[in-house]
>>> print(open('coords-v9.pdb').read())   # PDB, C-alpha atoms and all ligand atoms
ATOM      1  CA  MET A   1     104.321  34.640  83.152
ATOM      2  CA  ARG A   2     104.471  38.158  84.577
ATOM      3  CA  LEU A   3     102.425  39.621  87.430
ATOM      4  CA  LEU A   4     102.365  43.337  88.127
ATOM      5  CA  LEU A   5     101.742  44.101  91.799
ATOM      6  CA  HIS A   6     100.704  47.274  93.601
ATOM      7  CA  VAL A   7      99.859  47.159  97.303
ATOM      8  CA  PRO A   8     100.301  50.114  99.629
ATOM      9  CA  LYS A   9     100.898  47.897 102.694
ATOM     10  CA  ALA A  10     103.354  45.004 103.218
ATOM     11  CA  PRO A  11     104.477  44.781  99.540
ATOM     12  CA  ASP A  12     107.226  42.239 100.277
ATOM     13  CA  GLU A  13     104.825  39.900 102.067
ATOM     14  CA  TRP A  14     102.444  40.012  99.076
ATOM     15  CA  ARG A  15     105.254  39.533  96.550
ATOM     16  CA  ASP A  16     106.716  36.558  98.409
ATOM     17  CA  ALA A  17     103.285  34.955  98.739
ATOM     18  CA  PHE A  18     102.618  35.337  94.987
ATOM     19  CA  VAL A  19     106.059  33.944  94.131
ATOM     20  CA  ARG A  20     105.364  30.891  96.327
ATOM     21  CA  ALA A  21     101.848  30.416  94.926
ATOM     22  CA  LEU A  22     102.807  30.820  91.253
ATOM     23  CA  PRO A  23     106.250  29.232  90.820
ATOM     24  CA  GLY A  24     108.090  30.510  87.785
ATOM     25  CA  THR A  25     106.112  33.745  87.661
ATOM     26  CA  GLU A  26     108.001  37.006  87.601
ATOM     27  CA  VAL A  27     106.361  39.336  90.127
ATOM     28  CA  ARG A  28     107.261  42.992  89.957
ATOM     29  CA  ALA A  29     106.094  45.989  91.986
ATOM     30  CA  TRP A  30     104.638  48.765  89.857
ATOM     31  CA  ALA A  31     106.731  51.900  89.385
ATOM     32  CA  PRO A  32     105.877  55.019  87.374
ATOM     33  CA  GLY A  33     107.360  55.094  83.902
ATOM     34  CA  PRO A  34     107.149  52.952  80.763
ATOM     35  CA  ALA A  35     104.884  49.920  81.209
ATOM     36  CA  TRP A  36     106.496  46.592  82.131
ATOM     37  CA  GLN A  37     104.282  44.328  79.993
ATOM     38  CA  ALA A  38     102.482  41.910  82.324
ATOM     39  CA  ASP A  39     100.013  39.055  81.889
ATOM     40  CA  TYR A  40      98.122  39.812  85.100
ATOM     41  CA  ALA A  41      97.934  42.654  87.612
ATOM     42  CA  ALA A  42      96.958  42.532  91.291
ATOM     43  CA  PHE A  43      96.465  45.702  93.312
ATOM     44  CA  TRP A  44      94.751  47.684  96.015
ATOM     45  CA  HIS A  45      94.274  51.463  95.924
ATOM     46  CA  PRO A  46      95.698  51.632  92.397
ATOM     47  CA  PRO A  47      96.998  54.902  90.983
ATOM     48  CA  ARG A  48      95.039  55.966  87.874
ATOM     49  CA  GLU A  49      97.935  55.165  85.519
ATOM     50  CA  LEU A  50      98.735  51.712  86.983
ATOM     51  CA  LEU A  51      97.683  49.830  83.858
ATOM     52  CA  ASP A  52      98.562  52.467  81.243
ATOM     53  CA  GLY A  53     100.346  50.942  78.261
ATOM     54  CA  GLN A  54      99.601  47.326  79.286
ATOM     55  CA  ALA A  55      99.039  45.635  75.925
ATOM     56  CA  ARG A  56      98.616  41.968  76.763
ATOM     57  CA  LEU A  57      96.963  41.986  80.186
ATOM     58  CA  LYS A  58      94.581  39.038  80.603
ATOM     59  CA  ALA A  59      92.965  40.034  83.897
ATOM     60  CA  ALA A  60      93.209  42.578  86.715
ATOM     61  CA  PHE A  61      92.708  41.479  90.316
ATOM     62  CA  ASN A  62      91.325  43.816  92.972
ATOM     63  CA  LEU A  63      92.825  42.717  96.307
ATOM     64  CA  ALA A  64      89.639  43.566  98.206
ATOM     65  CA  ALA A  65      85.978  42.642  98.031
ATOM     66  CA  GLY A  66      84.813  46.192  97.321
ATOM     67  CA  VAL A  67      85.723  47.730  93.974
ATOM     68  CA  ASP A  68      84.286  51.226  94.466
ATOM     69  CA  ALA A  69      87.711  52.840  95.039
ATOM     70  CA  THR A  70      89.235  50.987  92.086
ATOM     71  CA  LEU A  71      86.419  51.840  89.666
ATOM     72  CA  LYS A  72      86.730  55.483  90.726
ATOM     73  CA  SER A  73      90.472  55.787  90.393
ATOM     74  CA  LEU A  74      91.815  53.269  87.893
ATOM     75  CA  ALA A  75      91.906  53.634  84.114
ATOM     76  CA  LEU A  76      91.104  50.022  83.250
ATOM     77  CA  PRO A  77      92.059  48.938  79.716
ATOM     78  CA  PRO A  78      88.887  48.032  77.782
ATOM     79  CA  GLY A  79      88.112  44.335  77.600
ATOM     80  CA  VAL A  80      90.295  43.381  80.583
ATOM     81  CA  PRO A  81      88.190  41.602  83.224
ATOM     82  CA  LEU A  82      88.380  43.088  86.721
ATOM     83  CA  VAL A  83      88.109  40.373  89.374
ATOM     84  CA  ARG A  84      87.411  41.055  93.044
ATOM     85  CA  LEU A  85      88.122  38.963  96.117
ATOM     86  CA  GLU A  86      85.309  36.637  97.123
ATOM     87  CA  ASP A  87      85.383  35.885 100.836
ATOM     88  CA  ALA A  88      89.082  34.901 100.880
ATOM     89  CA  GLY A  89      89.001  34.608 104.659
ATOM     90  CA  MET A  90      86.840  37.712 105.129
ATOM     91  CA  GLY A  91      83.569  35.807 105.532
ATOM     92  CA  LYS A  92      84.486  34.258 108.843
ATOM     93  CA  GLN A  93      85.735  37.565 110.220
ATOM     94  CA  MET A  94      82.524  39.283 109.083
ATOM     95  CA  GLU A  95      80.447  36.597 110.752
ATOM     96  CA  GLU A  96      82.308  37.066 114.024
ATOM     97  CA  TYR A  97      82.007  40.846 113.947
ATOM     98  CA  VAL A  98      78.317  40.920 113.020
ATOM     99  CA  ALA A  99      77.431  38.116 115.447
ATOM    100  CA  TRP A 100      79.088  40.109 118.192
ATOM    101  CA  ALA A 101      77.355  43.367 117.213
ATOM    102  CA  VAL A 102      73.888  41.808 116.910
ATOM    103  CA  LEU A 103      74.225  39.819 120.141
ATOM    104  CA  ARG A 104      75.500  42.873 121.978
ATOM    105  CA  TYR A 105      72.261  44.688 121.137
ATOM    106  CA  PHE A 106      70.009  41.639 121.491
ATOM    107  CA  ARG A 107      71.389  40.810 124.956
ATOM    108  CA  ARG A 108      71.394  44.562 125.835
ATOM    109  CA  LEU A 109      75.086  44.505 126.660
ATOM    110  CA  ASP A 110      75.303  48.157 125.601
ATOM    111  CA  ASP A 111      72.622  49.000 128.183
ATOM    112  CA  TYR A 112      74.438  46.940 130.817
ATOM    113  CA  ALA A 113      77.665  48.824 130.035
ATOM    114  CA  ARG A 114      75.834  52.106 130.648
ATOM    115  CA  GLN A 115      74.414  50.668 133.888
ATOM    116  CA  GLN A 116      77.879  49.633 135.007
ATOM    117  CA  ALA A 117      79.062  53.226 134.585
ATOM    118  CA  ARG A 118      76.312  54.209 137.069
ATOM    119  CA  ALA A 119      76.900  51.194 139.372
ATOM    120  CA  GLU A 120      73.281  50.226 138.626
ATOM    121  CA  TRP A 121      72.242  46.596 139.245
ATOM    122  CA  ARG A 122      69.142  45.959 137.110
ATOM    123  CA  VAL A 123      68.157  42.912 135.089
ATOM    124  CA  HIS A 124      66.121  43.396 131.910
ATOM    125  CA  ARG A 125      63.557  40.825 130.866
ATOM    126  CA  PRO A 126      64.893  37.951 128.765
ATOM    127  CA  PRO A 127      65.208  38.894 125.103
ATOM    128  CA  ARG A 128      63.139  36.999 122.515
ATOM    129  CA  HIS A 129      64.477  36.148 119.108
ATOM    130  CA  ASP A 130      61.074  36.593 117.493
ATOM    131  CA  GLU A 131      61.117  40.220 118.625
ATOM    132  CA  PHE A 132      64.500  40.805 117.063
ATOM    133  CA  PRO A 133      64.301  40.270 113.294
ATOM    134  CA  THR A 134      67.626  40.902 111.627
ATOM    135  CA  GLY A 135      67.882  42.265 108.087
ATOM    136  CA  VAL A 136      70.879  41.887 105.824
ATOM    137  CA  MET A 137      71.220  44.375 102.963
ATOM    138  CA  GLY A 138      73.368  42.986 100.167
ATOM    139  CA  LEU A 139      73.208  39.261  99.501
ATOM    140  CA  GLY A 140      76.537  38.619  97.813
ATOM    141  CA  VAL A 141      79.095  36.113  99.048
ATOM    142  CA  LEU A 142      79.537  37.864 102.408
ATOM    143  CA  GLY A 143      75.896  38.855 102.894
ATOM    144  CA  LEU A 144      74.776  35.263 102.355
ATOM    145  CA  ARG A 145      77.194  34.074 105.021
ATOM    146  CA  LEU A 146      75.838  36.670 107.437
ATOM    147  CA  ALA A 147      72.249  35.649 106.759
ATOM    148  CA  ALA A 148      73.091  31.986 107.400
ATOM    149  CA  MET A 149      75.008  32.853 110.580
ATOM    150  CA  LEU A 150      72.124  34.962 111.955
ATOM    151  CA  ARG A 151      69.704  32.149 111.200
ATOM    152  CA  ALA A 152      71.945  29.699 113.029
ATOM    153  CA  LEU A 153      71.864  32.040 116.047
ATOM    154  CA  GLY A 154      68.079  31.726 116.030
ATOM    155  CA  PHE A 155      67.071  35.137 114.693
ATOM    156  CA  PRO A 156      64.379  35.685 112.085
ATOM    157  CA  VAL A 157      66.357  36.807 109.021
ATOM    158  CA  LEU A 158      65.281  39.114 106.236
ATOM    159  CA  GLY A 159      67.398  39.916 103.220
ATOM    160  CA  TRP A 160      67.334  42.755 100.718
ATOM    161  CA  SER A 161      69.255  42.941  97.462
ATOM    162  CA  ALA A 162      69.054  44.802  94.174
ATOM    163  CA  SER A 163      68.126  41.656  92.278
ATOM    164  CA  ARG A 164      65.955  38.891  93.642
ATOM    165  CA  LYS A 165      67.598  36.076  95.607
ATOM    166  CA  VAL A 166      65.854  33.009  96.972
ATOM    167  CA  LEU A 167      67.306  31.721 100.209
ATOM    168  CA  ASP A 168      66.276  28.911 102.456
ATOM    169  CA  GLY A 169      64.845  30.241 105.716
ATOM    170  CA  VAL A 170      65.379  33.882 104.774
ATOM    171  CA  CYS A 171      62.548  36.215 103.836
ATOM    172  CA  THR A 172      63.979  38.060 100.838
ATOM    173  CA  PHE A 173      63.065  41.414  99.312
ATOM    174  CA  ALA A 174      64.335  42.899  96.063
ATOM    175  CA  GLY A 175      64.756  46.309  94.527
ATOM    176  CA  ALA A 176      63.612  49.795  95.447
ATOM    177  CA  GLY A 177      59.948  48.749  95.436
ATOM    178  CA  GLU A 178      60.408  46.294  98.310
ATOM    179  CA  LEU A 179      62.868  48.289 100.396
ATOM    180  CA  ASP A 180      60.244  49.869 102.668
ATOM    181  CA  ALA A 181      58.649  46.533 103.546
ATOM    182  CA  PHE A 182      62.109  45.123 104.358
ATOM    183  CA  LEU A 183      63.033  48.079 106.559
ATOM    184  CA  ARG A 184      59.712  48.189 108.414
ATOM    185  CA  ALA A 185      60.175  44.557 109.471
ATOM    186  CA  THR A 186      63.867  44.808 110.469
ATOM    187  CA  ARG A 187      65.031  45.422 114.041
ATOM    188  CA  ALA A 188      68.789  45.066 113.482
ATOM    189  CA  LEU A 189      69.916  46.251 110.070
ATOM    190  CA  VAL A 190      73.214  44.871 108.770
ATOM    191  CA  CYS A 191      74.570  46.746 105.753
ATOM    192  CA  MET A 192      76.776  44.579 103.511
ATOM    193  CA  LEU A 193      76.048  46.424 100.247
ATOM    194  CA  PRO A 194      78.606  47.425  97.651
ATOM    195  CA  LEU A 195      79.026  51.182  97.216
ATOM    196  CA  THR A 196      77.667  52.095  93.774
ATOM    197  CA  PRO A 197      75.831  55.119  92.351
ATOM    198  CA  ASP A 198      72.590  53.293  93.330
ATOM    199  CA  THR A 199      73.553  52.667  96.959
ATOM    200  CA  ALA A 200      75.368  55.943  97.733
ATOM    201  CA  GLY A 201      73.299  57.680 100.437
ATOM    202  CA  LEU A 202      70.702  54.891 100.387
ATOM    203  CA  LEU A 203      70.589  54.804 104.194
ATOM    204  CA  ASN A 204      69.242  58.278 104.903
ATOM    205  CA  ARG A 205      66.616  59.942 107.084
ATOM    206  CA  ALA A 206      63.724  58.604 105.013
ATOM    207  CA  THR A 207      64.921  54.998 104.707
ATOM    208  CA  LEU A 208      66.397  54.648 108.204
ATOM    209  CA  GLY A 209      63.256  56.320 109.536
ATOM    210  CA  ARG A 210      61.248  53.337 108.274
ATOM    211  CA  LEU A 211      63.046  51.004 110.655
ATOM    212  CA  PRO A 212      60.877  50.409 113.726
ATOM    213  CA  PRO A 213      61.522  52.579 116.802
ATOM    214  CA  GLY A 214      64.416  51.174 118.839
ATOM    215  CA  ALA A 215      66.150  49.642 115.799
ATOM    216  CA  TYR A 216      69.887  49.246 115.381
ATOM    217  CA  VAL A 217      72.169  49.847 112.404
ATOM    218  CA  ILE A 218      75.361  47.892 111.756
ATOM    219  CA  ASN A 219      77.414  49.107 108.793
ATOM    220  CA  VAL A 220      80.259  46.827 107.775
ATOM    221  CA  ALA A 221      80.235  47.838 104.105
ATOM    222  CA  ARG A 222      81.065  51.381 103.012
ATOM    223  CA  GLY A 223      80.548  54.727 104.748
ATOM    224  CA  GLY A 224      79.181  56.315 101.578
ATOM    225  CA  ILE A 225      75.984  54.247 101.817
ATOM    226  CA  VAL A 226      74.993  56.138 104.980
ATOM    227  CA  VAL A 227      74.115  59.837 105.270
ATOM    228  CA  ASP A 228      75.945  60.553 108.539
ATOM    229  CA  ASP A 229      73.873  63.554 109.649
ATOM    230  CA  ASP A 230      70.640  61.641 109.053
ATOM    231  CA  LEU A 231      71.863  58.677 111.087
ATOM    232  CA  LEU A 232      72.953  61.015 113.900
ATOM    233  CA  ALA A 233      69.601  62.833 113.838
ATOM    234  CA  LEU A 234      67.713  59.535 114.191
ATOM    235  CA  LEU A 235      69.988  58.409 117.038
ATOM    236  CA  ASP A 236      69.524  61.786 118.752
ATOM    237  CA  SER A 237      65.746  61.726 118.363
ATOM    238  CA  GLY A 238      65.678  58.265 119.967
ATOM    239  CA  HIS A 239      64.193  56.585 116.901
ATOM    240  CA  LEU A 240      67.332  54.476 116.508
ATOM    241  CA  ALA A 241      68.794  52.843 119.612
ATOM    242  CA  GLY A 242      72.352  52.356 118.428
ATOM    243  CA  ALA A 243      74.789  52.046 115.569
ATOM    244  CA  THR A 244      77.892  49.943 115.095
ATOM    245  CA  LEU A 245      80.021  51.413 112.342
ATOM    246  CA  ASP A 246      83.145  50.027 110.708
ATOM    247  CA  ALA A 247      83.245  52.090 107.493
ATOM    248  CA  PHE A 248      83.142  55.829 106.932
ATOM    249  CA  HIS A 249      82.987  58.489 104.212
ATOM    250  CA  ALA A 250      86.548  59.525 105.026
ATOM    251  CA  GLU A 251      89.034  57.098 106.539
ATOM    252  CA  PRO A 252      90.651  57.566 108.985
ATOM    253  CA  LEU A 253      87.487  59.097 110.461
ATOM    254  CA  PRO A 254      88.349  62.766 111.166
ATOM    255  CA  ALA A 255      88.942  63.429 114.878
ATOM    256  CA  ALA A 256      86.190  66.079 114.978
ATOM    257  CA  HIS A 257      83.474  63.765 113.608
ATOM    258  CA  ARG A 258      80.509  63.360 115.975
ATOM    259  CA  PHE A 259      80.555  59.575 115.607
ATOM    260  CA  TRP A 260      83.675  59.376 117.796
ATOM    261  CA  SER A 261      81.960  60.674 120.911
ATOM    262  CA  HIS A 262      78.307  59.790 120.307
ATOM    263  CA  PRO A 263      76.991  57.692 123.223
ATOM    264  CA  LYS A 264      74.943  55.468 120.885
ATOM    265  CA  VAL A 265      77.730  54.843 118.382
ATOM    266  CA  PHE A 266      80.267  52.058 118.670
ATOM    267  CA  LEU A 267      82.911  52.326 115.985
ATOM    268  CA  THR A 268      85.935  50.431 114.738
ATOM    269  CA  PRO A 269      88.623  51.455 112.207
ATOM    270  CA  HIS A 270      87.489  49.424 109.163
ATOM    271  CA  CYS A 271      88.676  46.142 110.646
ATOM    272  CA  SER A 272      85.525  44.007 110.619
ATOM    273  CA  ALA A 273      87.152  41.817 107.941
ATOM    274  CA  LEU A 274      90.780  42.373 107.116
ATOM    275  CA  THR A 275      92.340  41.192 103.873
ATOM    276  CA  LEU A 276      94.429  38.103 104.587
ATOM    277  CA  VAL A 277      97.530  37.827 102.408
ATOM    278  CA  GLU A 278      97.791  34.025 102.188
ATOM    279  CA  ASP A 279      94.068  33.423 101.582
ATOM    280  CA  SER A 280      93.829  36.226  99.030
ATOM    281  CA  VAL A 281      96.928  35.151  97.125
ATOM    282  CA  ALA A 282      95.735  31.532  97.075
ATOM    283  CA  GLN A 283      92.436  32.668  95.569
ATOM    284  CA  VAL A 284      93.993  34.970  92.959
ATOM    285  CA  ALA A 285      96.603  32.329  92.016
ATOM    286  CA  GLY A 286      93.821  29.765  91.560
ATOM    287  CA  LYS A 287      91.969  32.142  89.247
ATOM    288  CA  ILE A 288      95.130  32.926  87.271
ATOM    289  CA  ARG A 289      95.616  29.191  86.733
ATOM    290  CA  ALA A 290      91.973  28.965  85.589
ATOM    291  CA  PHE A 291      92.490  31.846  83.113
ATOM    292  CA  GLU A 292      95.587  30.069  81.798
ATOM    293  CA  ARG A 293      93.483  26.943  81.196
ATOM    294  CA  GLY A 294      90.919  29.055  79.392
ATOM    295  CA  GLU A 295      88.276  28.531  82.090
ATOM    296  CA  ALA A 296      85.790  31.085  83.388
ATOM    297  CA  VAL A 297      86.232  32.468  86.924
ATOM    298  CA  THR A 298      83.758  33.890  89.431
ATOM    299  CA  GLY A 299      84.009  37.357  90.964
ATOM    300  CA  VAL A 300      84.277  39.225  87.659
ATOM    301  CA  VAL A 301      83.020  42.775  88.171
ATOM    302  CA  ASP A 302      80.165  44.080  86.055
ATOM    303  CA  ARG A 303      81.430  47.594  85.469
ATOM    304  CA  ALA A 304      78.001  48.948  84.510
ATOM    305  CA  ARG A 305      76.527  47.639  87.771
ATOM    306  CA  GLY A 306      79.525  48.768  89.797
ATOM    307  CA  TYR A 307      80.215  45.495  91.652
TER     308      TYR A 307
HETATM  309  C1  LIG A 401      87.289  45.869 102.413
HETATM  310  O1  LIG A 401      86.705  46.856 102.727
HETATM  311  C2  LIG A 401      87.141  45.199 101.151
HETATM  312  O2  LIG A 401      86.488  45.746 100.250
HETATM  313  O3  LIG A 401      87.680  44.100 100.993
END
>>> encode(input="coords-v9.pdb", output="structure tokens")
Amino acid sequence: MRLLLHVPKAPDEWRDAFVRALPGTEVRAWAPGPAWQADYAAFWHPPRELLDGQARLKAAFNLAAGVDATLKSLALPPGVPLVRLEDAGMGKQMEEYVAWAVLRYFRRLDDYARQQARAEWRVHRPPRHDEFPTGVMGLGVLGLRLAAMLRALGFPVLGWSASRKVLDGVCTFAGAGELDAFLRATRALVCMLPLTPDTAGLLNRATLGRLPPGAYVINVARGGIVVDDDLLALLDSGHLAGATLDAFHAEPLPAAHRFWSHPKVFLTPHCSALTLVEDSVAQVAGKIRAFERGEAVTGVVDRARGY
């Protein structure tokens, strides 16, 4: 069996992990030129021509959860399933990051940090979970984990997704028609949506303006879902109390961007959930073995839907 590999970072680590996970498989890094005929391909940030000339490819594996960059850049041979990572060690990291961000706002640790800068000793009244409904946008593998985690922390949890999901203990909303009701009832908004033509710019002045005054925005998905100037305007006007951002339109975030220095923005360099080599390779190898047995796998991307 042959596996074509293209990863911009740590290629040797990925290759060695695939060789260990799939004994007997020839793993080769992609290079421009005539196609080396492979059975499977695994990649991140693929060049457009990565799969050109591949005649017998059985499946293509996106070594990330989000496929927006791949669908934009890669010429995917027709009929070849594109499979994305599902959790693969990202879920736990996401839970930690979002738990931290929500608790930081809920327990007013951002306010206490500002007080510390002024040497101000002042205790705010105890926070109440029932006054702090959290809302998760995007109820895929990661979004579901976040909803369950927030519930376990004692918060009321709302969920919004494009198609209807029924979840124990979570008040769910679906589609454009129910977005306003979801936003109006959400105090801490957690964005875990895929970036698609339908979600690009979805969090804008109108939608974010429907969050109640003093709401918070946590974006751990893709920068393109948020209209930056609209978010900044709502933070400046005081309608929104804070934003924690891990994903941006352009990455690295340009040094001149206002997010860097905005007092109500806390940002991180797209590290809320890093791709873990061993976990990801174990998952992809398991799915390759399933393909070889003729079994169906989960995580196949619906190209029309964009995720
Ligand atoms: C990270 O952003 C991913 O899509 O896995």
>>> resolve_selection(input="coords-v9.pdb", expression="the PyMOL selection byres (((chain A and resi 245-257) around 6) and not hetatm)", output="count of residues only")
13
>>> resolve_selection(input="coords-v9.pdb", expression="the PyMOL selection byres (((chain A and resi 183) around 10) and not hetatm)", output="PDB file with C-alpha atoms, keeping the file's coordinate frame")
ATOM      1  CA  THR A 134      67.626  40.902 111.627  1.00  0.00           C
ATOM      2  CA  GLY A 135      67.882  42.265 108.087  1.00  0.00           C
ATOM      3  CA  MET A 137      71.220  44.375 102.963  1.00  0.00           C
ATOM      4  CA  LEU A 158      65.281  39.114 106.236  1.00  0.00           C
ATOM      5  CA  GLY A 159      67.398  39.916 103.220  1.00  0.00           C
ATOM      6  CA  TRP A 160      67.334  42.755 100.718  1.00  0.00           C
ATOM      7  CA  PHE A 173      63.065  41.414  99.312  1.00  0.00           C
ATOM      8  CA  GLU A 178      60.408  46.294  98.310  1.00  0.00           C
ATOM      9  CA  LEU A 179      62.868  48.289 100.396  1.00  0.00           C
ATOM     10  CA  ASP A 180      60.244  49.869 102.668  1.00  0.00           C
ATOM     11  CA  ALA A 181      58.649  46.533 103.546  1.00  0.00           C
ATOM     12  CA  PHE A 182      62.109  45.123 104.358  1.00  0.00           C
ATOM     13  CA  ARG A 184      59.712  48.189 108.414  1.00  0.00           C
ATOM     14  CA  ALA A 185      60.175  44.557 109.471  1.00  0.00           C
ATOM     15  CA  THR A 186      63.867  44.808 110.469  1.00  0.00           C
ATOM     16  CA  ARG A 187      65.031  45.422 114.041  1.00  0.00           C
ATOM     17  CA  ALA A 188      68.789  45.066 113.482  1.00  0.00           C
ATOM     18  CA  LEU A 189      69.916  46.251 110.070  1.00  0.00           C
ATOM     19  CA  THR A 207      64.921  54.998 104.707  1.00  0.00           C
ATOM     20  CA  LEU A 208      66.397  54.648 108.204  1.00  0.00           C
ATOM     21  CA  GLY A 209      63.256  56.320 109.536  1.00  0.00           C
ATOM     22  CA  ARG A 210      61.248  53.337 108.274  1.00  0.00           C
ATOM     23  CA  LEU A 211      63.046  51.004 110.655  1.00  0.00           C
ATOM     24  CA  PRO A 212      60.877  50.409 113.726  1.00  0.00           C
ATOM     25  CA  ALA A 215      66.150  49.642 115.799  1.00  0.00           C
TER      26      ALA A 215
END
>>> closest_residue(input="coords-v9.pdb", among="A:Asp198, A:Glu96, A:Asp111, A:Asp68", to="ligand LIG 401 (chain A)", atoms="all atoms listed in the file")
A:Asp68
>>> residues_near_ligand(input="coords-v9.pdb", ligand="ligand LIG 401 (chain A)", cutoff="10 Å", atoms="all atoms listed in the file", output="list in words")
Trp44, Asn62, Leu63, Ala64, Ala65, Gly66, Val67, Asp68, Ala69, Arg84, Leu85, Glu86, Asp87, Ala88, Met90, Pro194, Leu195, Val220, Ala221, Arg222, Asp246, Ala247, His270, Cys271, Ser272, Ala273, Leu274, Thr275 and Leu276 of chain A
>>> residues_around(input="coords-v9.pdb", residues="A:Leu76", least_positions_apart="5", cutoff="12 Å", atoms="all atoms listed in the file", output="PDB file with C-alpha atoms, keeping the file's coordinate frame")
ATOM      1  CA  ALA A  41      97.934  42.654  87.612  1.00  0.00           C
ATOM      2  CA  PRO A  46      95.698  51.632  92.397  1.00  0.00           C
ATOM      3  CA  PRO A  47      96.998  54.902  90.983  1.00  0.00           C
ATOM      4  CA  ARG A  48      95.039  55.966  87.874  1.00  0.00           C
ATOM      5  CA  GLU A  49      97.935  55.165  85.519  1.00  0.00           C
ATOM      6  CA  LEU A  50      98.735  51.712  86.983  1.00  0.00           C
ATOM      7  CA  LEU A  51      97.683  49.830  83.858  1.00  0.00           C
ATOM      8  CA  ASP A  52      98.562  52.467  81.243  1.00  0.00           C
ATOM      9  CA  GLY A  53     100.346  50.942  78.261  1.00  0.00           C
ATOM     10  CA  GLN A  54      99.601  47.326  79.286  1.00  0.00           C
ATOM     11  CA  ALA A  55      99.039  45.635  75.925  1.00  0.00           C
ATOM     12  CA  LEU A  57      96.963  41.986  80.186  1.00  0.00           C
ATOM     13  CA  LYS A  58      94.581  39.038  80.603  1.00  0.00           C
ATOM     14  CA  ALA A  59      92.965  40.034  83.897  1.00  0.00           C
ATOM     15  CA  ALA A  60      93.209  42.578  86.715  1.00  0.00           C
ATOM     16  CA  PHE A  61      92.708  41.479  90.316  1.00  0.00           C
ATOM     17  CA  ASN A  62      91.325  43.816  92.972  1.00  0.00           C
ATOM     18  CA  THR A  70      89.235  50.987  92.086  1.00  0.00           C
ATOM     19  CA  LEU A  71      86.419  51.840  89.666  1.00  0.00           C
ATOM     20  CA  PRO A  81      88.190  41.602  83.224  1.00  0.00           C
ATOM     21  CA  LEU A  82      88.380  43.088  86.721  1.00  0.00           C
ATOM     22  CA  VAL A  83      88.109  40.373  89.374  1.00  0.00           C
ATOM     23  CA  VAL A 301      83.020  42.775  88.171  1.00  0.00           C
ATOM     24  CA  ARG A 303      81.430  47.594  85.469  1.00  0.00           C
TER      25      ARG A 303
END
>>> closest_residue(input="coords-v9.pdb", among="A:Met192, A:Ala38, A:Val102, A:Ala113", to="A:Arg151", atoms="only C-alpha atoms")
A:Val102
>>> resolve_selection(input="coords-v9.pdb", expression="the PyMOL selection byres (((chain A and resi 4) around 7) and not hetatm)", output="list of chain:residue names")
A:Arg2, A:Leu3, A:Leu5, A:His6, A:Val27, A:Arg28, A:Ala29, A:Trp30, A:Ala38, A:Tyr40, A:Ala41, A:Ala42
>>> write_last_selection(input="coords-v9.pdb", atoms="C-alpha atoms", output="PDB file, in the coordinates of the input")
ATOM      1  CA  ARG A   2     104.471  38.158  84.577  1.00  0.00           C
ATOM      2  CA  LEU A   3     102.425  39.621  87.430  1.00  0.00           C
ATOM      3  CA  LEU A   5     101.742  44.101  91.799  1.00  0.00           C
ATOM      4  CA  HIS A   6     100.704  47.274  93.601  1.00  0.00           C
ATOM      5  CA  VAL A  27     106.361  39.336  90.127  1.00  0.00           C
ATOM      6  CA  ARG A  28     107.261  42.992  89.957  1.00  0.00           C
ATOM      7  CA  ALA A  29     106.094  45.989  91.986  1.00  0.00           C
ATOM      8  CA  TRP A  30     104.638  48.765  89.857  1.00  0.00           C
ATOM      9  CA  ALA A  38     102.482  41.910  82.324  1.00  0.00           C
ATOM     10  CA  TYR A  40      98.122  39.812  85.100  1.00  0.00           C
ATOM     11  CA  ALA A  41      97.934  42.654  87.612  1.00  0.00           C
ATOM     12  CA  ALA A  42      96.958  42.532  91.291  1.00  0.00           C
TER      13      ALA A  42
END
>>> atom_distance(input="coords-v9.pdb", atom1="atom CA of A:Ser237", atom2="atom CA of A:Val217")
14.8 Å
>>> atom_distance(input="coords-v9.pdb", atom1="atom CA of A:Gly91", atom2="atom CA of A:Gly143")
8.7 Å
>>> residues_around(input="coords-v9.pdb", residues="A:His124", least_positions_apart="6", cutoff="10 Å", atoms="all atoms listed in the file", output="count of residues only")
4
>>> closest_residue(input="coords-v9.pdb", among="A:Ala233, A:Ala147, A:Ala290, A:Leu153", to="A:Val170", atoms="all atoms listed in the file")
A:Ala147
>>> build_atoms(input="coords-v9.pdb", residues="stretch 276-280 of chain A", atoms="N, CA, C and O atoms", output="tab-separated table (two decimals), keeping the file's coordinate frame")
chain	number	residue	atom	x	y	z
A	276	LEU	N	93.39	39.03	104.15
A	276	LEU	CA	94.43	38.10	104.59
A	276	LEU	C	95.32	37.76	103.39
A	276	LEU	O	94.82	37.31	102.36
A	277	VAL	N	96.62	37.98	103.55
A	277	VAL	CA	97.53	37.83	102.41
A	277	VAL	C	97.49	36.40	101.85
A	277	VAL	O	97.24	36.21	100.65
A	278	GLU	N	97.69	35.40	102.71
A	278	GLU	CA	97.79	34.02	102.19
A	278	GLU	C	96.49	33.59	101.50
A	278	GLU	O	96.52	33.03	100.41
A	279	ASP	N	95.35	33.83	102.15
A	279	ASP	CA	94.07	33.42	101.58
A	279	ASP	C	93.80	34.15	100.26
A	279	ASP	O	93.31	33.56	99.29
A	280	SER	N	94.12	35.44	100.23
A	280	SER	CA	93.83	36.23	99.03
A	280	SER	C	94.71	35.78	97.88
A	280	SER	O	94.25	35.62	96.74
